[in-house]
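Student: Here it is: the structure, laid out below.
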Amino acid sequence: MKTISKLFDIEAKIPTYIPSGVHINHGPFLTWLVRTSHPKCVVTLNDHTGYAHFAICETVRDCSLPTECYLFRSTSEIPEGDEPSEDFLAEHGKYVGTSHVDTYSHEAPWEGFEDGSIDVLYISGTPYKSNHSFQFSNWERKLSGSAVVVFHDCTKSQSQYSAILRGAAARYIHINTKSYNGLSVSFQGSNSPEKLRLLQKHLSNSIFAEVILSLFQSWGSQTESAGLLHKKDAKNNLLLKDNLRIRRKISETDESLKFRREDFDDLKRENYALRVDLANERLHPTKSLVNKYMSIILFFLSGQKALFGKKRLEKFKISAKKRNPNRSLYGLSSVPKKLEKPAKINNEKGRPSSDPLTGGASSAYRELTIDPPIITNKTKLSFCIKVDVSFEIRIDSEEGRIADALSTSLKKLGHTVRIDFDDQRYLTEDSEYDAIIVLRGLSGYTPNADTLSIMWNITHPEQVSYEEYALFDIPLVASRSYAALLSFILERPIFPLLHCVESSKISGRDELDYEEGGNHAHQGFSERTTADAFDQPDENGRIVQVDHTLAMKDFGFIAKAAFDTIGCGKVLATDQLPALDALLGSDNYYAKGQTPLSVRNWTEGRAASLHRAMASYIDDNHSFTARAEEISGMVKGVLRGLSPAITVQPNFGAATPRRRVGVLLQRGSAWWTTSAYIRLIAPLTTDYAYETAGIDLVALDGVDDPRLNSCDICIVQRIAVAQVEDAERLIKNLQDQNTPLYVDNDDAFGLHDARRKADQSLKLLMSAAKEVWFSTPTLAKVYVDVAAGKSRVRKNNLDPRFWRNYGKEPRTKFTKTGPIRFVYMGSATHHEDLASVMPAFQRLAQDYPGQFELTLVGITSDPPEVDWLKILNPRKNQGGYPAFVRFITRDRGFDVGIAPLVPTQFNAAKSDIKFLDYSAMGLLSVVADNPAYRDCIDAGLAIGCASDEQAWYDTLSQIIENRFAFAEMRTRAHRDLWQNRSTLTDPDPLADLLK
């Protein structure tokens, strides 16, 4: 029996994801199987609810295994119109990089896998009956020497499974557990892990087999009990929500009747006024005409500032308004004209100045006024809140609850508020209100250009286009660091406004009553808590776990549930985020990953007074009352002709020392250059840089910008200072102020004939800099004479805030049929590089007609006219680098990205940025075999080609003939990018180098 105890010394856990209507007893066995075998690749077939697939993914995550999990759902077995549920998609989103889900009809999914690469194959239900995609012999050759095949639901398809198993009986051993609704497990080969070999051995012994099967039965019974409990909890929650919904509906009905009575009274008053006006017209037919023209005359006089005093001008306005109340007069309208976009131009180059500092206004926006100016001292405003949820389910959604709470808080301040739900959003006229507030989640809204508009982006920032932010007069985002980044992208102020909590919830210290996708709040202890978090549940229910999605962590969004937890005086257990460290203090909440002992010490060592103090801080600074005051204050200021401004709320934790970093960035024709975003703007606006390092980034408008005098650090990017005399003046100014200078460069400008003069200025700045950053070692050697002893190589990385669509990762697999789609993208300076590979593509067109196409994005202004060549360029006003990334990462269907480089000294100093771009898009990279791409070629992440026609022809023809031979490289490059070349996970963040 010792060997049996050794066999099961690895714990089997009950999966946390339990969908309805499926058999779940076999879940613990799957978790034990993964923990035992440590597979590298798992394939699940026909598991439509995802129960088995996500049980495996959860185990992979808990054990930190480098396992790839694939789920294939056949369209022939899925009922028409049966899309994945919200719970399915939410669970899939937890395992980004591990979980891969796909559907297909008549394709052969096994062709995407190399022979001998699959360690676990799980097949659920009838094996696809008439679907020709299921050929077990095809899957069988993909299995590794230590593979395990699991057939579930055998009792419903015994004839199909028996046919399969007979063909493999000589090589497989089978166990059948009817308590699992028919589970057959087959082990292949002699390379199985020790515990699997022990399982095979003991199953052949009747006594041991009985003990093992009884253990399996026990696991199944426990899982079944957990499933019943889960169903009861779900049913109870549903009943509670129905009760709340009914009570709210009754309340809304009463309120609706009240509004209808008020509307009826208003109509009666309007009807009476019209009858009076009609009677006056009959008695005095010329009176209205006289009043109209007298109003025009008085309005004209009110603008004659040279002739009359201020009081007299004001009297003219008031008299003009009295004579014609329907006239919207200069300075008297209660509805402001749309804010001017772009900002007032106040520099000689004709571009708006920008100072995106902590979401604050630039110099241009500090002078921004509404034209004509609005002069009104209204204290009671009218708001319309737009939210994309239906009225019936508003209480069940985070956006709906926020709309209700914000409306209540604004009404308490004396304002009138209407909420437009779902389809109602476009049925009411925006111009009827002083301002509209759009709560932006998954769905957007286009505001009326004549009404003051506010957008509060509370979730899913990656789904909001930059153009949409620009439509609103006052854009707000629930992240301080992302507000700083957006301010640079749009070159206008974007304001941070964090999530908050209802004051009623705080004052009552209520229990948390919801569980929303991405912002899960869990009372006490649950299986969803980090595996090593607690030994025992918190009996007092003081500890609440809050989950953040990967997008929320990357964009610095703190979940609303975190504010609710602290506001209720409870202990917050959540992901460690720089934004939370800054807001609360890193010692004032439990971050996942701590040991059980440290957690106990943490909770026992904190006095109740601390939690009361934190709850009071939330009530004072992050309640809906505080948010309503902030929003209404901004609107009142704009109505008085002031620029939008927001009050920066203090942190509960120790204040982070702030450092103003002035950057002189190189511009392209209209926007900051791509390298400015990649190397400076993105790294210095991450959540770590903003919240932990305290970086406030200031875009300087030339070396004489007066804001430079208040900067602690200055950075010059590339040849942003192109004149030697400007460089000399900048150096003297910085030396007089004892301000350190850093220089960042990613190109060998001295080797480019058109840039030699600018390179002289660059070298002068390098010689005076405290440190010089280069993108490659080769480039650092080019400038070794002026940067010796102070150079540092900083590789280019990509920022997922630009590139990732967290809800839909890019396709990294080749399609079975159809042409191979090549793409070559870059600036319009690569004409020679394109010419070097065109002969190879011309040969391919002759030898493989119709089997490929090449798309150029930028590259050249004079492309050849051939049928296999396509041109894809963004609109000229599309925007800079961030907008281009959004444009190119739409589902374009590309397969292979190419990056040829003519072998020159200038090109040798370039970086591997195109390889990074293609990897982010999920493409296979074929690159020039030169120093720029040497590392990715040696790592087996890209294919290198010598700079000759034959080498490119041979490589590209191999891809056309045997695309699936390169599938694994394509997938691995995409995965490696976000593991090792992400701006957000840089082990040496740029912010730490600024001293």
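Just so we're on the same page: first chain in the structure tokens is A, next is B, and so on; residues restart at 1 for each chain, and ligands are numbered from 1 in the order they show up.
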As a ChimeraX atom specification, which residues of stretch 827-923 of chain A does DSSP assign to helix (DSSP H, G or I)?
Tutor: /A:831-847,881-888,905-908,913-920
Student: Write the residues of the preceding selection, restricted to N, CA, C and O atoms, as a tab-separated table (two decimals), in the first residue's frame.
Tutor:
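Dumped everything to out-v8.tsv:
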chain	number	residue	atom	x	y	z
A	831	HIS	N	12.84	51.66	-50.19
A	831	HIS	CA	12.73	51.29	-51.60
A	831	HIS	C	13.84	50.33	-52.01
A	831	HIS	O	13.60	49.34	-52.71
A	832	GLU	N	15.07	50.60	-51.59
A	832	GLU	CA	16.19	49.73	-51.95
A	832	GLU	C	16.04	48.35	-51.32
A	832	GLU	O	16.37	47.33	-51.95
A	833	ASP	N	15.56	48.30	-50.07
A	833	ASP	CA	15.38	47.01	-49.42
A	833	ASP	C	14.31	46.19	-50.15
A	833	ASP	O	14.47	44.97	-50.33
A	834	LEU	N	13.23	46.83	-50.58
A	834	LEU	CA	12.20	46.14	-51.34
A	834	LEU	C	12.76	45.63	-52.67
A	834	LEU	O	12.48	44.49	-53.07
A	835	ALA	N	13.54	46.48	-53.33
A	835	ALA	CA	14.11	46.09	-54.63
A	835	ALA	C	15.00	44.86	-54.50
A	835	ALA	O	15.11	44.07	-55.45
A	836	SER	N	15.62	44.66	-53.33
A	836	SER	CA	16.54	43.52	-53.17
A	836	SER	C	15.80	42.18	-53.13
A	836	SER	O	16.40	41.13	-53.41
A	837	VAL	N	14.50	42.18	-52.77
A	837	VAL	CA	13.76	40.91	-52.69
A	837	VAL	C	12.73	40.77	-53.80
A	837	VAL	O	12.14	39.69	-53.94
A	838	MET	N	12.50	41.80	-54.59
A	838	MET	CA	11.50	41.71	-55.65
A	838	MET	C	11.81	40.63	-56.68
A	838	MET	O	10.90	39.92	-57.13
A	839	PRO	N	13.08	40.41	-57.08
A	839	PRO	CA	13.35	39.32	-58.02
A	839	PRO	C	12.92	37.96	-57.49
A	839	PRO	O	12.41	37.12	-58.25
A	840	ALA	N	13.09	37.73	-56.18
A	840	ALA	CA	12.67	36.46	-55.60
A	840	ALA	C	11.15	36.31	-55.69
A	840	ALA	O	10.63	35.22	-56.01
A	841	PHE	N	10.41	37.37	-55.40
A	841	PHE	CA	8.95	37.30	-55.48
A	841	PHE	C	8.47	37.14	-56.92
A	841	PHE	O	7.47	36.47	-57.18
A	842	GLN	N	9.19	37.74	-57.87
A	842	GLN	CA	8.81	37.57	-59.27
A	842	GLN	C	8.98	36.12	-59.71
A	842	GLN	O	8.14	35.58	-60.46
A	843	ARG	N	10.03	35.45	-59.23
A	843	ARG	CA	10.19	34.03	-59.53
A	843	ARG	C	9.10	33.20	-58.87
A	843	ARG	O	8.57	32.24	-59.45
A	844	LEU	N	8.74	33.57	-57.63
A	844	LEU	CA	7.66	32.86	-56.94
A	844	LEU	C	6.35	32.98	-57.72
A	844	LEU	O	5.57	32.03	-57.79
A	845	ALA	N	6.10	34.15	-58.30
A	845	ALA	CA	4.87	34.35	-59.06
A	845	ALA	C	4.81	33.44	-60.27
A	845	ALA	O	3.72	33.00	-60.68
A	846	GLN	N	5.97	33.13	-60.86
A	846	GLN	CA	6.01	32.23	-62.01
A	846	GLN	C	5.86	30.77	-61.58
A	846	GLN	O	5.16	29.99	-62.23
A	847	ASP	N	6.52	30.40	-60.46
A	847	ASP	CA	6.53	28.99	-60.04
A	847	ASP	C	5.34	28.61	-59.18
A	847	ASP	O	4.96	27.43	-59.13
A	881	TYR	N	2.06	56.76	-34.30
A	881	TYR	CA	2.36	55.35	-34.07
A	881	TYR	C	1.24	54.60	-33.37
A	881	TYR	O	0.85	53.51	-33.82
A	882	PRO	N	0.66	55.10	-32.26
A	882	PRO	CA	-0.40	54.33	-31.59
A	882	PRO	C	-1.60	54.06	-32.51
A	882	PRO	O	-2.14	52.95	-32.51
A	883	ALA	N	-2.01	55.06	-33.29
A	883	ALA	CA	-3.14	54.86	-34.20
A	883	ALA	C	-2.77	53.88	-35.30
A	883	ALA	O	-3.61	53.07	-35.74
A	884	PHE	N	-1.50	53.92	-35.78
A	884	PHE	CA	-1.08	52.97	-36.80
A	884	PHE	C	-1.14	51.54	-36.27
A	884	PHE	O	-1.56	50.62	-36.99
A	885	VAL	N	-0.75	51.35	-35.02
A	885	VAL	CA	-0.79	50.00	-34.44
A	885	VAL	C	-2.22	49.49	-34.40
A	885	VAL	O	-2.49	48.34	-34.76
A	886	ARG	N	-3.16	50.34	-33.99
A	886	ARG	CA	-4.57	49.93	-33.98
A	886	ARG	C	-5.03	49.58	-35.40
A	886	ARG	O	-5.81	48.65	-35.61
A	887	PHE	N	-4.53	50.33	-36.38
A	887	PHE	CA	-4.91	50.10	-37.77
A	887	PHE	C	-4.38	48.76	-38.28
A	887	PHE	O	-5.11	47.98	-38.89
A	888	ILE	N	-3.12	48.48	-38.00
A	888	ILE	CA	-2.48	47.30	-38.60
A	888	ILE	C	-2.83	46.02	-37.85
A	888	ILE	O	-2.70	44.92	-38.40
A	905	GLN	N	26.54	49.65	-43.65
A	905	GLN	CA	26.93	49.95	-42.28
A	905	GLN	C	25.78	50.62	-41.53
A	905	GLN	O	25.58	50.39	-40.33
A	906	PHE	N	25.00	51.45	-42.23
A	906	PHE	CA	23.85	52.12	-41.62
A	906	PHE	C	22.81	51.09	-41.17
A	906	PHE	O	22.30	51.15	-40.04
A	907	ASN	N	22.49	50.12	-42.03
A	907	ASN	CA	21.49	49.11	-41.69
A	907	ASN	C	21.98	48.15	-40.60
A	907	ASN	O	21.17	47.61	-39.85
A	908	ALA	N	23.28	47.94	-40.52
A	908	ALA	CA	23.82	47.04	-39.51
A	908	ALA	C	23.56	47.55	-38.10
A	908	ALA	O	23.52	46.78	-37.14
A	913	ILE	N	13.17	45.86	-34.53
A	913	ILE	CA	11.81	46.32	-34.24
A	913	ILE	C	10.77	45.67	-35.15
A	913	ILE	O	9.65	45.38	-34.72
A	914	LYS	N	11.11	45.40	-36.42
A	914	LYS	CA	10.12	44.78	-37.31
A	914	LYS	C	9.81	43.35	-36.85
A	914	LYS	O	8.68	42.89	-36.96
A	915	PHE	N	10.81	42.65	-36.36
A	915	PHE	CA	10.56	41.32	-35.81
A	915	PHE	C	9.59	41.41	-34.63
A	915	PHE	O	8.68	40.58	-34.50
A	916	LEU	N	9.75	42.41	-33.78
A	916	LEU	CA	8.84	42.58	-32.64
A	916	LEU	C	7.43	42.89	-33.13
A	916	LEU	O	6.45	42.34	-32.61
A	917	ASP	N	7.33	43.75	-34.14
A	917	ASP	CA	6.00	44.10	-34.68
A	917	ASP	C	5.31	42.87	-35.23
A	917	ASP	O	4.13	42.61	-34.95
A	918	TYR	N	6.03	42.10	-36.05
A	918	TYR	CA	5.43	40.91	-36.65
A	918	TYR	C	5.05	39.88	-35.58
A	918	TYR	O	4.00	39.22	-35.68
A	919	SER	N	5.88	39.72	-34.57
A	919	SER	CA	5.57	38.77	-33.49
A	919	SER	C	4.32	39.20	-32.74
A	919	SER	O	3.50	38.37	-32.35
A	920	ALA	N	4.17	40.50	-32.51
A	920	ALA	CA	2.97	41.00	-31.83
A	920	ALA	C	1.72	40.71	-32.66
A	920	ALA	O	0.63	40.50	-32.11
Student: Select, from A:Arg394, A:Arg627, A:His622, A:His152, the residue with the minimum atom-to-atom distance to A:Asp422, counting only C-alpha atoms.
Tutor: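 Closest residue, counting only C-alpha atoms: A:Arg394.
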Student: What lies within 12 Å of A:Arg934 using only C-alpha atoms, ignoring chain neighbours under 2 positions off, as JSON, numbers by chain?
Tutor: {"A": [776, 777, 778, 908, 909, 910, 911, 912, 915, 927, 928, 929, 930, 931, 932, 936, 937, 938, 939, 940, 941, 942, 943, 944, 945, 946]}
Student: Would you output that residue set with N, CA and C atoms, as a tab-separated table (two decimals), in the first residue's frame?
Tutor:
chain	number	residue	atom	x	y	z
A	776	THR	N	21.13	49.26	-29.88
A	776	THR	CA	21.90	48.04	-30.17
A	776	THR	C	23.36	48.24	-29.83
A	777	PRO	N	24.11	47.17	-29.55
A	777	PRO	CA	25.55	47.29	-29.31
A	777	PRO	C	26.30	47.84	-30.53
A	778	THR	N	25.84	47.45	-31.72
A	778	THR	CA	26.48	47.95	-32.94
A	778	THR	C	26.37	49.46	-33.05
A	908	ALA	N	23.28	47.94	-40.52
A	908	ALA	CA	23.82	47.04	-39.51
A	908	ALA	C	23.56	47.55	-38.10
A	909	ALA	N	23.39	48.87	-37.97
A	909	ALA	CA	23.16	49.46	-36.65
A	909	ALA	C	21.69	49.52	-36.28
A	910	LYS	N	20.81	49.03	-37.14
A	910	LYS	CA	19.37	49.08	-36.84
A	910	LYS	C	18.99	48.03	-35.81
A	911	SER	N	17.76	48.17	-35.27
A	911	SER	CA	17.28	47.24	-34.25
A	911	SER	C	16.35	46.21	-34.89
A	912	ASP	N	15.86	45.29	-34.07
A	912	ASP	CA	14.97	44.22	-34.54
A	912	ASP	C	13.50	44.59	-34.39
A	915	PHE	N	10.81	42.65	-36.36
A	915	PHE	CA	10.56	41.32	-35.81
A	915	PHE	C	9.59	41.41	-34.63
A	927	VAL	N	13.63	37.46	-41.93
A	927	VAL	CA	14.39	38.70	-41.77
A	927	VAL	C	15.77	38.56	-42.41
A	928	ALA	N	16.38	39.71	-42.64
A	928	ALA	CA	17.74	39.72	-43.18
A	928	ALA	C	18.71	39.17	-42.15
A	929	ASP	N	19.62	38.35	-42.61
A	929	ASP	CA	20.62	37.75	-41.72
A	929	ASP	C	21.76	38.75	-41.51
A	930	ASN	N	21.51	39.70	-40.62
A	930	ASN	CA	22.53	40.71	-40.32
A	930	ASN	C	22.50	40.99	-38.82
A	931	PRO	N	23.38	41.83	-38.27
A	931	PRO	CA	23.44	42.03	-36.82
A	931	PRO	C	22.13	42.48	-36.19
A	932	ALA	N	21.30	43.18	-36.94
A	932	ALA	CA	20.05	43.68	-36.36
A	932	ALA	C	19.16	42.54	-35.87
A	936	CYS	N	17.37	37.11	-32.55
A	936	CYS	CA	16.12	36.38	-32.75
A	936	CYS	C	16.32	35.19	-33.69
A	937	ILE	N	17.26	35.29	-34.62
A	937	ILE	CA	17.56	34.15	-35.50
A	937	ILE	C	18.21	33.03	-34.69
A	938	ASP	N	19.20	33.39	-33.86
A	938	ASP	CA	19.89	32.38	-33.05
A	938	ASP	C	18.95	31.72	-32.05
A	939	ALA	N	17.94	32.47	-31.58
A	939	ALA	CA	17.00	31.91	-30.60
A	939	ALA	C	15.93	31.04	-31.26
A	940	GLY	N	15.96	30.92	-32.59
A	940	GLY	CA	14.98	30.11	-33.29
A	940	GLY	C	13.60	30.75	-33.33
A	941	LEU	N	13.54	32.08	-33.26
A	941	LEU	CA	12.27	32.79	-33.27
A	941	LEU	C	11.97	33.43	-34.62
A	942	ALA	N	12.95	33.45	-35.51
A	942	ALA	CA	12.78	34.03	-36.85
A	942	ALA	C	13.69	33.30	-37.82
A	943	ILE	N	13.35	33.41	-39.11
A	943	ILE	CA	14.15	32.77	-40.17
A	943	ILE	C	15.05	33.84	-40.78
A	944	GLY	N	16.35	33.56	-40.81
A	944	GLY	CA	17.29	34.51	-41.40
A	944	GLY	C	17.58	34.18	-42.85
A	945	CYS	N	17.71	35.23	-43.66
A	945	CYS	CA	18.00	35.07	-45.09
A	945	CYS	C	19.21	35.91	-45.46
A	946	ALA	N	20.13	35.31	-46.19
A	946	ALA	CA	21.25	36.07	-46.73
A	946	ALA	C	20.72	37.06	-47.76
Student: Extract, using only C-alpha atoms, all DNA, RNA and protein residues at most 8 Å from A:Ala559, discarding same-chain residues fewer than 6 positions from it, and format them as a list in words.
Tutor: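 Non-adjacent residues within range: His499, Asn519, Val546, Asp547, His548 and Met552 of chain A.
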Student: Please compute the atom CA of A:Leu584-atom CA of A:Gly653 distance, one decimal, in Å.
Tutor: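 Interatomic distance, atom CA of A:Leu584 to atom CA of A:Gly653: 4.6 Å.
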Student: If we count only C-alpha atoms and set the cut-off at 10 Å, which residues sit around A:Ile719, ignoring sequence neighbours fewer than 4 positions away in its own chain? Please answer as a ChimeraX atom specification.
Tutor: /A:664-667,723,743-745,747,749,755,757-763,765
Student: Just the selected residues (N, CA and C atoms), exported as a compact mmCIF listing (two decimals), in the first residue's frame, please.
Tutor:
# COMPACT_ATOMS: atom_id res chain seq x y z
N LEU A 664 12.56 66.35 -25.10
CA LEU A 664 12.58 66.97 -26.42
C LEU A 664 12.51 65.83 -27.43
N LEU A 665 11.35 65.68 -28.05
CA LEU A 665 11.06 64.53 -28.92
C LEU A 665 11.12 64.93 -30.38
N GLN A 666 11.61 64.00 -31.20
CA GLN A 666 11.65 64.26 -32.64
C GLN A 666 10.28 64.02 -33.24
N ARG A 667 9.86 64.93 -34.10
CA ARG A 667 8.58 64.79 -34.80
C ARG A 667 8.80 64.31 -36.22
N GLN A 723 20.04 71.66 -34.58
CA GLN A 723 20.98 72.75 -34.85
C GLN A 723 22.03 72.82 -33.74
N VAL A 743 20.52 61.39 -23.26
CA VAL A 743 20.29 61.36 -24.71
C VAL A 743 19.92 59.93 -25.10
N ASP A 744 18.87 59.80 -25.91
CA ASP A 744 18.44 58.49 -26.40
C ASP A 744 18.53 58.49 -27.92
N ASN A 745 19.14 57.43 -28.48
CA ASN A 745 19.32 57.36 -29.93
C ASN A 745 19.17 55.93 -30.42
N ASP A 747 19.49 55.34 -34.13
CA ASP A 747 19.86 55.32 -35.54
C ASP A 747 21.26 55.92 -35.71
N PHE A 749 22.86 58.27 -37.47
CA PHE A 749 22.59 59.42 -38.33
C PHE A 749 23.86 59.91 -39.02
N ARG A 755 21.67 63.53 -42.94
CA ARG A 755 21.55 63.81 -41.51
C ARG A 755 22.89 64.16 -40.85
N LYS A 757 24.61 66.94 -40.61
CA LYS A 757 24.64 68.18 -39.84
C LYS A 757 23.92 67.99 -38.51
N ALA A 758 22.75 67.33 -38.54
CA ALA A 758 22.02 67.07 -37.31
C ALA A 758 22.82 66.14 -36.39
N ASP A 759 23.61 65.25 -37.00
CA ASP A 759 24.42 64.33 -36.20
C ASP A 759 25.49 65.09 -35.41
N GLN A 760 26.00 66.19 -35.94
CA GLN A 760 26.97 67.00 -35.20
C GLN A 760 26.34 67.54 -33.91
N SER A 761 25.10 68.01 -34.00
CA SER A 761 24.39 68.48 -32.82
C SER A 761 24.16 67.34 -31.83
N LEU A 762 23.80 66.16 -32.37
CA LEU A 762 23.57 64.99 -31.52
C LEU A 762 24.83 64.60 -30.76
N LYS A 763 25.97 64.61 -31.43
CA LYS A 763 27.23 64.26 -30.77
C LYS A 763 27.60 65.27 -29.70
N LEU A 765 25.51 66.95 -27.85
CA LEU A 765 24.66 66.65 -26.70
C LEU A 765 25.12 65.39 -25.99
Student: Hey, could you make a per-residue contact list for stretch 773-869 of chain A against stretch 445-463 of chain A with 9 Å as the cut-off, showing the nearest pair of atoms and its distance in Å to one decimal, counting only C-alpha atoms, sorted by chain and number, as a tab-separated table?
Tutor:
residue	atom	partner	partner_atom	distance
A:Arg801	CA	A:Glu462	CA	6.9
A:Phe802	CA	A:Glu462	CA	7.9
A:Trp803	CA	A:Glu462	CA	8.9
A:Arg804	CA	A:Glu462	CA	7.6
A:Asn805	CA	A:Glu462	CA	6.5
A:Tyr806	CA	A:Glu462	CA	7.7
Student: Could you write out that same residue set with all heavy atoms as a PDB file, in the first residue's frame?
Tutor:
ATOM      1  N   ARG A 801      -0.105  47.932 -24.211  1.00  0.00           N
ATOM      2  CA  ARG A 801      -1.219  48.883 -24.231  1.00  0.00           C
ATOM      3  C   ARG A 801      -1.489  49.387 -25.640  1.00  0.00           C
ATOM      4  O   ARG A 801      -2.606  49.831 -25.944  1.00  0.00           O
ATOM      5  CB  ARG A 801      -0.922  50.042 -23.286  1.00  0.00           C
ATOM      6  CG  ARG A 801      -0.862  49.654 -21.814  1.00  0.00           C
ATOM      7  CD  ARG A 801      -0.455  50.827 -20.951  1.00  0.00           C
ATOM      8  NE  ARG A 801       0.901  51.286 -21.245  1.00  0.00           N
ATOM      9  CZ  ARG A 801       1.463  52.364 -20.694  1.00  0.00           C
ATOM     10  NH1 ARG A 801       0.774  53.086 -19.816  1.00  0.00           N
ATOM     11  NH2 ARG A 801       2.695  52.711 -21.003  1.00  0.00           N
ATOM     12  N   PHE A 802      -0.480  49.347 -26.496  1.00  0.00           N
ATOM     13  CA  PHE A 802      -0.683  49.692 -27.903  1.00  0.00           C
ATOM     14  C   PHE A 802      -1.135  48.479 -28.711  1.00  0.00           C
ATOM     15  O   PHE A 802      -1.976  48.610 -29.598  1.00  0.00           O
ATOM     16  CB  PHE A 802       0.615  50.217 -28.522  1.00  0.00           C
ATOM     17  CG  PHE A 802       1.109  51.518 -27.942  1.00  0.00           C
ATOM     18  CD1 PHE A 802       2.458  51.733 -27.746  1.00  0.00           C
ATOM     19  CD2 PHE A 802       0.228  52.525 -27.591  1.00  0.00           C
ATOM     20  CE1 PHE A 802       2.927  52.930 -27.224  1.00  0.00           C
ATOM     21  CE2 PHE A 802       0.681  53.721 -27.070  1.00  0.00           C
ATOM     22  CZ  PHE A 802       2.042  53.923 -26.878  1.00  0.00           C
ATOM     23  N   TRP A 803      -0.558  47.315 -28.418  1.00  0.00           N
ATOM     24  CA  TRP A 803      -0.617  46.192 -29.340  1.00  0.00           C
ATOM     25  C   TRP A 803      -1.659  45.127 -29.016  1.00  0.00           C
ATOM     26  O   TRP A 803      -2.149  44.474 -29.927  1.00  0.00           O
ATOM     27  CB  TRP A 803       0.754  45.502 -29.411  1.00  0.00           C
ATOM     28  CG  TRP A 803       1.758  46.260 -30.205  1.00  0.00           C
ATOM     29  CD1 TRP A 803       2.646  47.175 -29.751  1.00  0.00           C
ATOM     30  CD2 TRP A 803       1.958  46.186 -31.623  1.00  0.00           C
ATOM     31  NE1 TRP A 803       3.399  47.675 -30.780  1.00  0.00           N
ATOM     32  CE2 TRP A 803       3.004  47.078 -31.952  1.00  0.00           C
ATOM     33  CE3 TRP A 803       1.382  45.445 -32.650  1.00  0.00           C
ATOM     34  CZ2 TRP A 803       3.456  47.250 -33.249  1.00  0.00           C
ATOM     35  CZ3 TRP A 803       1.837  45.610 -33.948  1.00  0.00           C
ATOM     36  CH2 TRP A 803       2.868  46.511 -34.234  1.00  0.00           C
ATOM     37  N   ARG A 804      -1.993  44.927 -27.753  1.00  0.00           N
ATOM     38  CA  ARG A 804      -2.789  43.747 -27.414  1.00  0.00           C
ATOM     39  C   ARG A 804      -4.286  44.036 -27.422  1.00  0.00           C
ATOM     40  O   ARG A 804      -4.737  45.071 -26.941  1.00  0.00           O
ATOM     41  CB  ARG A 804      -2.391  43.197 -26.044  1.00  0.00           C
ATOM     42  CG  ARG A 804      -0.986  42.672 -25.989  1.00  0.00           C
ATOM     43  CD  ARG A 804      -0.716  41.881 -24.729  1.00  0.00           C
ATOM     44  NE  ARG A 804      -1.260  40.546 -24.793  1.00  0.00           N
ATOM     45  CZ  ARG A 804      -0.914  39.567 -23.974  1.00  0.00           C
ATOM     46  NH1 ARG A 804      -0.024  39.790 -23.011  1.00  0.00           N
ATOM     47  NH2 ARG A 804      -1.439  38.371 -24.076  1.00  0.00           N
ATOM     48  N   ASN A 805      -5.023  43.075 -27.985  1.00  0.00           N
ATOM     49  CA  ASN A 805      -6.473  43.038 -27.829  1.00  0.00           C
ATOM     50  C   ASN A 805      -6.744  41.878 -26.873  1.00  0.00           C
ATOM     51  O   ASN A 805      -6.718  40.723 -27.264  1.00  0.00           O
ATOM     52  CB  ASN A 805      -7.162  42.808 -29.173  1.00  0.00           C
ATOM     53  CG  ASN A 805      -8.672  42.802 -29.049  1.00  0.00           C
ATOM     54  OD1 ASN A 805      -9.219  42.723 -27.957  1.00  0.00           O
ATOM     55  ND2 ASN A 805      -9.363  42.876 -30.178  1.00  0.00           N
ATOM     56  N   TYR A 806      -6.989  42.204 -25.617  1.00  0.00           N
ATOM     57  CA  TYR A 806      -7.016  41.175 -24.585  1.00  0.00           C
ATOM     58  C   TYR A 806      -8.179  40.218 -24.745  1.00  0.00           C
ATOM     59  O   TYR A 806      -8.136  39.116 -24.227  1.00  0.00           O
ATOM     60  CB  TYR A 806      -7.064  41.833 -23.202  1.00  0.00           C
ATOM     61  CG  TYR A 806      -5.831  42.654 -22.900  1.00  0.00           C
ATOM     62  CD1 TYR A 806      -5.711  43.966 -23.341  1.00  0.00           C
ATOM     63  CD2 TYR A 806      -4.777  42.113 -22.187  1.00  0.00           C
ATOM     64  CE1 TYR A 806      -4.581  44.717 -23.077  1.00  0.00           C
ATOM     65  CE2 TYR A 806      -3.637  42.855 -21.917  1.00  0.00           C
ATOM     66  CZ  TYR A 806      -3.552  44.159 -22.369  1.00  0.00           C
ATOM     67  OH  TYR A 806      -2.424  44.895 -22.104  1.00  0.00           O
TER      68      TYR A 806
END
Student: Could you tell me how far atom CA of A:Val661 sits from atom CA of A:Leu550, in Å to one decimal place?
Tutor: 28.3 Å
Student: Can you check which residues of stretch 636-700 of chain A DSSP gives as strand (DSSP E) on the backbone and send them as a ChimeraX atom specification?
Tutor: /A:659-664,695-699
